[in-house]
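What's in start_18.txt: compact mmCIF, C-alpha atoms
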# COMPACT_ATOMS: atom_id res chain seq x y z
CA GLY A 1 -0.62 -40.16 122.49
CA ASN A 2 0.00 -42.33 125.53
CA SER A 3 -2.55 -44.96 126.41
CA VAL A 4 -3.03 -48.22 128.23
CA THR A 5 -5.37 -51.02 127.21
CA GLN A 6 -6.13 -53.82 129.62
CA MET A 7 -8.40 -56.79 129.32
CA GLU A 8 -11.97 -56.21 130.25
CA GLY A 9 -13.44 -57.97 133.20
CA PRO A 10 -14.89 -59.02 135.33
CA VAL A 11 -12.77 -62.07 135.90
CA THR A 12 -14.00 -64.76 138.26
CA LEU A 13 -11.70 -67.53 139.41
CA SER A 14 -11.57 -70.31 141.94
CA GLU A 15 -8.98 -70.26 144.69
CA GLU A 16 -5.57 -71.62 143.58
CA ALA A 17 -6.31 -70.91 139.91
CA PHE A 18 -3.86 -69.13 137.61
CA LEU A 19 -4.54 -65.48 136.94
CA THR A 20 -3.39 -63.43 134.00
CA ILE A 21 -4.52 -59.90 133.13
CA ASN A 22 -3.35 -58.57 129.80
CA CYS A 23 -2.04 -55.04 129.46
CA THR A 24 -0.69 -53.36 126.35
CA TYR A 25 0.42 -49.80 125.94
CA THR A 26 1.12 -47.06 123.45
CA ALA A 27 3.76 -44.51 124.35
CA THR A 28 6.63 -42.57 122.97
CA GLY A 29 10.03 -43.10 124.43
CA TYR A 30 10.62 -45.53 127.26
CA PRO A 31 7.85 -45.37 129.83
CA SER A 32 7.86 -46.87 133.29
CA LEU A 33 5.06 -49.40 133.78
CA PHE A 34 3.03 -50.12 136.88
CA TRP A 35 0.32 -52.33 138.25
CA TYR A 36 -1.88 -50.88 140.96
CA VAL A 37 -4.39 -52.80 143.06
CA GLN A 38 -7.56 -51.42 144.65
CA TYR A 39 -9.16 -53.52 147.37
CA PRO A 40 -12.85 -52.95 148.10
CA GLY A 41 -13.50 -49.56 149.66
CA GLU A 42 -9.87 -48.49 149.51
CA GLY A 43 -7.58 -46.33 147.42
CA LEU A 44 -5.07 -47.60 144.90
CA GLN A 45 -1.85 -49.21 146.07
CA LEU A 46 1.25 -49.81 144.01
CA LEU A 47 1.55 -53.55 143.41
CA LEU A 48 4.65 -53.73 141.22
CA LYS A 49 6.59 -51.80 138.65
CA ALA A 50 9.19 -52.06 135.90
CA THR A 51 11.26 -49.19 134.62
CA LYS A 52 12.96 -50.62 131.54
CA ALA A 53 12.60 -53.32 128.91
CA ASP A 54 12.90 -56.92 130.13
CA ASP A 55 12.58 -55.87 133.76
CA LYS A 56 10.35 -58.12 135.83
CA GLY A 57 8.36 -56.58 138.64
CA SER A 58 7.13 -58.84 141.43
CA ASN A 59 5.24 -58.54 144.70
CA LYS A 60 2.85 -60.68 146.76
CA GLY A 61 3.21 -63.56 144.28
CA PHE A 62 2.31 -61.37 141.31
CA GLU A 63 4.70 -60.87 138.41
CA ALA A 64 4.81 -58.79 135.24
CA THR A 65 7.54 -58.46 132.62
CA TYR A 66 8.14 -55.32 130.58
CA ARG A 67 8.08 -56.49 126.94
CA LYS A 68 9.03 -53.66 124.65
CA GLU A 69 8.80 -55.76 121.49
CA THR A 70 5.12 -56.48 122.16
CA THR A 71 4.45 -53.29 124.17
CA SER A 72 2.97 -55.39 126.93
CA PHE A 73 3.08 -55.73 130.70
CA HIS A 74 0.80 -58.66 131.54
CA LEU A 75 0.11 -59.41 135.20
CA GLU A 76 0.26 -63.02 136.40
CA LYS A 77 -0.16 -64.98 139.59
CA GLY A 78 0.20 -68.71 139.79
CA SER A 79 -2.24 -69.46 142.62
CA VAL A 80 -4.77 -66.84 143.63
CA GLN A 81 -6.44 -66.50 147.01
CA VAL A 82 -9.76 -65.01 148.04
CA SER A 83 -7.81 -62.04 149.40
CA ASP A 84 -6.65 -61.22 145.85
CA SER A 85 -10.17 -60.13 144.95
CA ALA A 86 -9.73 -56.53 143.86
CA VAL A 87 -9.60 -54.18 140.90
CA TYR A 88 -6.26 -54.15 139.08
CA PHE A 89 -5.04 -51.19 137.06
CA CYS A 90 -2.22 -51.11 134.57
CA ALA A 91 -0.53 -47.72 134.24
CA LEU A 92 2.39 -46.02 132.57
CA ILE A 93 4.44 -42.90 132.99
CA PRO A 94 5.73 -41.61 129.69
CA ASN A 95 8.21 -38.81 129.72
CA ASP A 96 6.19 -36.33 131.73
CA TYR A 97 4.88 -36.64 135.26
CA LYS A 98 1.33 -37.88 134.85
CA LEU A 99 0.27 -41.49 135.07
CA SER A 100 -1.99 -42.89 132.36
CA PHE A 101 -4.27 -45.66 133.64
CA GLY A 102 -6.09 -48.50 132.01
CA ALA A 103 -9.79 -48.97 132.68
CA GLY A 104 -9.21 -51.52 135.43
CA THR A 105 -10.02 -55.22 135.66
CA THR A 106 -12.20 -56.53 138.46
CA VAL A 107 -11.07 -59.89 139.78
CA THR A 108 -13.20 -62.04 142.06
CA VAL A 109 -11.74 -65.18 143.61
CA ARG A 110 -14.18 -67.75 145.00
CA ALA A 111 -13.32 -70.09 147.83
CA ASN B 1 1.50 -42.86 159.19
CA ALA B 2 2.82 -40.89 156.23
CA GLY B 3 0.50 -40.62 153.29
CA VAL B 4 -2.32 -38.79 151.58
CA THR B 5 -5.39 -37.85 153.60
CA GLN B 6 -8.71 -37.02 151.97
CA THR B 7 -11.80 -35.58 153.59
CA PRO B 8 -14.67 -36.25 153.66
CA LYS B 9 -14.92 -39.97 152.89
CA PHE B 10 -18.56 -39.76 151.88
CA GLN B 11 -20.79 -36.90 150.79
CA VAL B 12 -24.27 -36.49 149.37
CA LEU B 13 -25.09 -33.22 147.63
CA LYS B 14 -28.17 -31.84 145.99
CA THR B 15 -27.90 -30.61 142.43
CA GLY B 16 -26.58 -27.05 142.42
CA GLN B 17 -24.88 -27.23 145.81
CA SER B 18 -21.20 -26.51 146.15
CA MET B 19 -18.52 -28.24 148.14
CA THR B 20 -14.77 -28.58 148.50
CA LEU B 21 -12.90 -31.85 148.73
CA GLN B 22 -9.77 -31.60 150.83
CA CYS B 23 -6.48 -33.38 150.30
CA ALA B 24 -3.25 -33.18 152.28
CA GLN B 25 0.01 -35.08 152.02
CA ASP B 26 2.87 -35.25 154.49
CA MET B 27 5.57 -36.71 152.26
CA ASN B 28 6.91 -33.35 151.06
CA HIS B 29 5.92 -34.22 147.49
CA ASN B 30 5.90 -31.47 144.90
CA SER B 31 3.18 -32.84 142.63
CA MET B 32 -0.44 -33.49 143.48
CA TYR B 33 -3.38 -34.79 141.43
CA TRP B 34 -7.13 -35.18 141.45
CA TYR B 35 -8.74 -38.13 139.67
CA ARG B 36 -12.26 -39.38 139.37
CA GLN B 37 -13.11 -43.05 139.09
CA ASP B 38 -16.22 -44.21 137.28
CA PRO B 39 -17.29 -47.76 136.43
CA GLY B 40 -15.73 -48.99 133.20
CA MET B 41 -13.75 -45.79 132.70
CA GLY B 42 -10.81 -46.25 134.99
CA LEU B 43 -9.26 -43.15 136.49
CA ARG B 44 -9.50 -39.85 134.69
CA LEU B 45 -7.36 -36.89 135.60
CA ILE B 46 -9.31 -33.78 136.57
CA TYR B 47 -6.55 -31.36 137.56
CA TYR B 48 -3.00 -31.57 138.69
CA SER B 49 -0.40 -29.39 140.30
CA ALA B 50 3.18 -30.07 139.27
CA SER B 51 4.51 -27.86 142.03
CA GLU B 52 3.34 -25.37 144.61
CA GLY B 53 1.82 -22.36 142.90
CA THR B 54 0.92 -24.12 139.64
CA THR B 55 -2.19 -25.95 138.51
CA ASP B 56 -3.15 -27.43 135.15
CA LYS B 57 -6.17 -29.05 133.60
CA GLY B 58 -6.35 -32.75 133.03
CA GLU B 59 -8.73 -34.76 130.84
CA VAL B 60 -12.02 -33.80 132.51
CA PRO B 61 -11.74 -30.37 134.20
CA ASN B 62 -15.17 -28.95 133.37
CA GLY B 63 -17.26 -28.21 136.44
CA TYR B 64 -14.29 -28.23 138.81
CA ASN B 65 -11.77 -25.81 140.22
CA VAL B 66 -8.68 -26.46 142.29
CA SER B 67 -6.45 -24.63 144.72
CA ARG B 68 -2.92 -25.56 145.66
CA LEU B 69 -3.04 -23.91 149.06
CA ASN B 70 0.55 -24.77 149.97
CA LYS B 71 2.92 -27.63 149.34
CA ARG B 72 0.86 -30.01 151.50
CA GLU B 73 -2.69 -29.23 150.45
CA PHE B 74 -4.58 -29.45 147.15
CA SER B 75 -8.34 -28.92 147.22
CA LEU B 76 -10.98 -29.67 144.59
CA ARG B 77 -14.11 -27.53 144.41
CA LEU B 78 -17.43 -28.23 142.79
CA GLU B 79 -19.17 -24.88 142.36
CA SER B 80 -22.55 -26.21 141.25
CA ALA B 81 -22.80 -29.96 141.58
CA ALA B 82 -24.47 -32.02 138.86
CA PRO B 83 -25.56 -35.67 138.89
CA SER B 84 -22.84 -36.38 136.30
CA GLN B 85 -20.30 -35.59 139.01
CA THR B 86 -21.39 -38.55 141.08
CA SER B 87 -18.15 -40.49 141.35
CA VAL B 88 -15.33 -41.58 143.59
CA TYR B 89 -12.62 -38.94 143.79
CA PHE B 90 -9.00 -39.74 144.49
CA CYS B 91 -6.19 -37.43 145.40
CA ALA B 92 -2.61 -38.51 144.78
CA SER B 93 0.87 -37.11 145.19
CA SER B 94 4.30 -37.79 143.76
CA GLU B 95 7.81 -36.50 143.52
CA ALA B 96 9.27 -35.99 140.06
CA ASP B 97 12.67 -37.45 140.93
CA ILE B 98 11.17 -40.76 142.00
CA LEU B 99 7.97 -40.84 139.98
CA ALA B 100 9.26 -43.36 137.47
CA TYR B 101 10.22 -45.71 140.30
CA TYR B 102 7.42 -45.24 142.83
CA GLY B 103 4.47 -43.85 140.93
CA TYR B 104 1.83 -42.06 142.94
CA THR B 105 0.70 -42.35 146.53
CA PHE B 106 -3.09 -42.32 146.65
CA GLY B 107 -5.57 -41.24 149.28
CA SER B 108 -8.44 -43.52 150.25
CA GLY B 109 -11.00 -41.61 148.21
CA THR B 110 -14.17 -39.55 148.60
CA ARG B 111 -17.41 -41.13 147.46
CA LEU B 112 -19.66 -38.32 146.21
CA THR B 113 -23.29 -38.68 145.25
CA VAL B 114 -25.19 -35.83 143.65
CA VAL B 115 -28.97 -36.20 143.72

The structure in this file should be written as structure tokens.
Amino acid sequence: GNSVTQMEGPVTLSEEAFLTINCTYTATGYPSLFWYVQYPGEGLQLLLKATKADDKGSNKGFEATYRKETTSFHLEKGSVQVSDSAVYFCALIPNDYKLSFGAGTTVTVRA
Amino acid sequence: NAGVTQTPKFQVLKTGQSMTLQCAQDMNHNSMYWYRQDPGMGLRLIYYSASEGTTDKGEVPNGYNVSRLNKREFSLRLESAAPSQTSVYFCASSEADILAYYGYTFGSGTRLTVV
């Protein structure tokens, strides 16, 4: 079946630190891959996406590269801010129309 | 602003009570979804509606019913609430043609507590 595994949190960082959240997936075919972000008290927002192998998605200083050979889509940011404190979800769409989500990783950035 | 609107934002129920969570989208999307979010478990699909007039079960449908009232609205009903249904509920919508590029649009959630 289709599934997403992302690193467990919580992750606590200092401002300006480097952030990486690992995400690996299992899927048939060629899924599209997404990262969603959920700020406290809010719904999920699309952060970035990649639709084919070797694509790099980027937004708000975050990046993730679709690696088919390692079935991974790790999220990175070079210098985090307090405002990046949120829950991050990795997700995929296989060949139907339902997203499969990872369990979410809570990130807290301290000033 | 275009998007997905959920009501209510907060609700407390007693065990055995019933209620309906409302969801409406104004993006003319065909597909709509209900998820629940629980700590450490991510988002789990309860029900979805691929298009107006159709509904299907997701991973965790027991204890819930849904109605796709029209293209805009997709409601979730708890007939007899249980403490295990304490959760945050999210509605989402999408369009099949653009799903792979834009994913879902989510509502802001309903925080439900069953005591």

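Coordinates place CA of Asp55 (chain A) at a distance of 13.5 Å from CA of Ala100 (chain B).
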
(message) I need the contact residues of chain B against chain A, so if you could list those with any atom within 12 Å, counting all atoms listed in the file, and return them as a count of residues only, that would help.
(response) 56

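In this structure, CA of Tyr39 (chain A) sits 23.8 Å away from CA of Tyr25 (chain A).
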
Report as lines of an AutoDock Vina configuration file the centre and the edge lengths, in Å to one decimal, of the axis-aligned box holding every listed atom of region 87-90 of chain A, padded by 5 Å on each side.
center_x = -5.9
center_y = -52.6
center_z = 137.7
size_x = 17.4
size_y = 13.1
size_z = 16.3

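Minimum atom-to-atom distance to Thr20 (chain A), evaluated using only C-alpha atoms, belongs to A:His74 out of A:His74, A:Ser3, A:Lys68, A:Asp84.
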
Expressed in Å, the length from CA of Val12 (chain B) to CA of Gln25 (chain B) is 24.5 Å

With distances taken over all atoms listed in the file, the candidate from B:Leu69, B:Leu21, B:Val115, B:Met27 nearest Ala82 (chain B) is B:Val115

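Of the residues listed (B:Ser80, B:Thr113, B:Ser87, B:Ser75), B:Ser80 shows the shortest atom-to-atom separation from Gly16 (chain B); distances use only C-alpha atoms.
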
Repaired coordinates for region 95-106 of chain B (all heavy atoms) as an mmCIF file, in the coordinates of the input:
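out.cif was written with the following content:
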data_model
loop_
_atom_site.group_PDB
_atom_site.id
_atom_site.type_symbol
_atom_site.label_atom_id
_atom_site.label_comp_id
_atom_site.auth_asym_id
_atom_site.auth_seq_id
_atom_site.Cartn_x
_atom_site.Cartn_y
_atom_site.Cartn_z
ATOM 1 N N GLU B 95 6.608 -37.324 143.598
ATOM 2 C CA GLU B 95 7.810 -36.500 143.520
ATOM 3 C C GLU B 95 8.469 -36.807 142.182
ATOM 4 O O GLU B 95 8.701 -37.967 141.870
ATOM 5 C CB GLU B 95 8.747 -36.821 144.681
ATOM 6 C CG GLU B 95 9.959 -35.924 144.761
ATOM 7 C CD GLU B 95 9.593 -34.462 144.972
ATOM 8 O OE1 GLU B 95 8.629 -34.167 145.713
ATOM 9 O OE2 GLU B 95 10.273 -33.611 144.385
ATOM 10 N N ALA B 96 8.784 -35.796 141.413
ATOM 11 C CA ALA B 96 9.270 -35.990 140.060
ATOM 12 C C ALA B 96 10.507 -36.880 140.004
ATOM 13 O O ALA B 96 10.641 -37.735 139.138
ATOM 14 C CB ALA B 96 9.549 -34.649 139.407
ATOM 15 N N ASP B 97 11.404 -36.705 140.957
ATOM 16 C CA ASP B 97 12.670 -37.450 140.930
ATOM 17 C C ASP B 97 12.460 -38.945 141.080
ATOM 18 O O ASP B 97 13.285 -39.735 140.640
ATOM 19 C CB ASP B 97 13.599 -36.958 142.039
ATOM 20 C CG ASP B 97 14.121 -35.560 141.752
ATOM 21 O OD1 ASP B 97 13.901 -35.073 140.627
ATOM 22 O OD2 ASP B 97 14.708 -34.957 142.655
ATOM 23 N N ILE B 98 11.377 -39.335 141.725
ATOM 24 C CA ILE B 98 11.170 -40.760 142.000
ATOM 25 C C ILE B 98 9.911 -41.296 141.350
ATOM 26 O O ILE B 98 9.560 -42.450 141.525
ATOM 27 C CB ILE B 98 11.106 -41.032 143.526
ATOM 28 C CG1 ILE B 98 9.939 -40.272 144.155
ATOM 29 C CG2 ILE B 98 12.428 -40.672 144.181
ATOM 30 C CD1 ILE B 98 9.683 -40.634 145.603
ATOM 31 N N LEU B 99 9.249 -40.441 140.550
ATOM 32 C CA LEU B 99 7.970 -40.840 139.980
ATOM 33 C C LEU B 99 8.086 -42.114 139.166
ATOM 34 O O LEU B 99 7.249 -43.011 139.275
ATOM 35 C CB LEU B 99 7.419 -39.704 139.128
ATOM 36 C CG LEU B 99 6.061 -39.953 138.479
ATOM 37 C CD1 LEU B 99 5.003 -40.184 139.535
ATOM 38 C CD2 LEU B 99 5.674 -38.800 137.578
ATOM 39 N N ALA B 100 9.112 -42.203 138.343
ATOM 40 C CA ALA B 100 9.260 -43.360 137.470
ATOM 41 C C ALA B 100 9.500 -44.638 138.249
ATOM 42 O O ALA B 100 9.319 -45.724 137.715
ATOM 43 C CB ALA B 100 10.380 -43.131 136.476
ATOM 44 N N TYR B 101 9.905 -44.519 139.503
ATOM 45 C CA TYR B 101 10.220 -45.710 140.300
ATOM 46 C C TYR B 101 9.124 -46.023 141.311
ATOM 47 O O TYR B 101 8.929 -47.175 141.683
ATOM 48 C CB TYR B 101 11.530 -45.498 141.044
ATOM 49 C CG TYR B 101 12.691 -45.336 140.102
ATOM 50 C CD1 TYR B 101 13.108 -44.078 139.683
ATOM 51 C CD2 TYR B 101 13.340 -46.455 139.606
ATOM 52 C CE1 TYR B 101 14.145 -43.940 138.795
ATOM 53 C CE2 TYR B 101 14.397 -46.319 138.715
ATOM 54 C CZ TYR B 101 14.794 -45.059 138.317
ATOM 55 O OH TYR B 101 15.823 -44.923 137.439
ATOM 56 N N TYR B 102 8.404 -45.022 141.765
ATOM 57 C CA TYR B 102 7.420 -45.240 142.830
ATOM 58 C C TYR B 102 6.016 -44.825 142.461
ATOM 59 O O TYR B 102 5.096 -45.031 143.240
ATOM 60 C CB TYR B 102 7.871 -44.516 144.091
ATOM 61 C CG TYR B 102 9.156 -45.070 144.649
ATOM 62 C CD1 TYR B 102 10.367 -44.411 144.461
ATOM 63 C CD2 TYR B 102 9.162 -46.279 145.335
ATOM 64 C CE1 TYR B 102 11.543 -44.939 144.951
ATOM 65 C CE2 TYR B 102 10.341 -46.809 145.828
ATOM 66 C CZ TYR B 102 11.522 -46.133 145.630
ATOM 67 O OH TYR B 102 12.687 -46.666 146.126
ATOM 68 N N GLY B 103 5.824 -44.231 141.316
ATOM 69 C CA GLY B 103 4.470 -43.850 140.930
ATOM 70 C C GLY B 103 3.864 -42.848 141.890
ATOM 71 O O GLY B 103 4.558 -42.008 142.458
ATOM 72 N N TYR B 104 2.564 -42.952 142.048
ATOM 73 C CA TYR B 104 1.830 -42.060 142.940
ATOM 74 C C TYR B 104 1.578 -42.746 144.276
ATOM 75 O O TYR B 104 1.514 -43.964 144.364
ATOM 76 C CB TYR B 104 0.440 -41.758 142.397
ATOM 77 C CG TYR B 104 0.314 -40.978 141.124
ATOM 78 C CD1 TYR B 104 -0.909 -40.943 140.472
ATOM 79 C CD2 TYR B 104 1.366 -40.286 140.554
ATOM 80 C CE1 TYR B 104 -1.079 -40.244 139.304
ATOM 81 C CE2 TYR B 104 1.201 -39.575 139.377
ATOM 82 C CZ TYR B 104 -0.031 -39.563 138.760
ATOM 83 O OH TYR B 104 -0.205 -38.865 137.592
ATOM 84 N N THR B 105 1.312 -41.892 145.293
ATOM 85 C CA THR B 105 0.700 -42.350 146.530
ATOM 86 C C THR B 105 -0.719 -41.804 146.539
ATOM 87 O O THR B 105 -0.918 -40.606 146.367
ATOM 88 C CB THR B 105 1.472 -41.843 147.753
ATOM 89 O OG1 THR B 105 2.811 -42.336 147.704
ATOM 90 C CG2 THR B 105 0.804 -42.322 149.038
ATOM 91 N N PHE B 106 -1.687 -42.699 146.727
ATOM 92 C CA PHE B 106 -3.090 -42.320 146.650
ATOM 93 C C PHE B 106 -3.706 -42.167 148.034
ATOM 94 O O PHE B 106 -3.342 -42.866 148.986
ATOM 95 C CB PHE B 106 -3.899 -43.377 145.913
ATOM 96 C CG PHE B 106 -3.789 -43.309 144.426
ATOM 97 C CD1 PHE B 106 -2.774 -43.982 143.769
ATOM 98 C CD2 PHE B 106 -4.684 -42.573 143.674
ATOM 99 C CE1 PHE B 106 -2.660 -43.929 142.394
ATOM 100 C CE2 PHE B 106 -4.585 -42.508 142.298
ATOM 101 C CZ PHE B 106 -3.568 -43.188 141.645
#
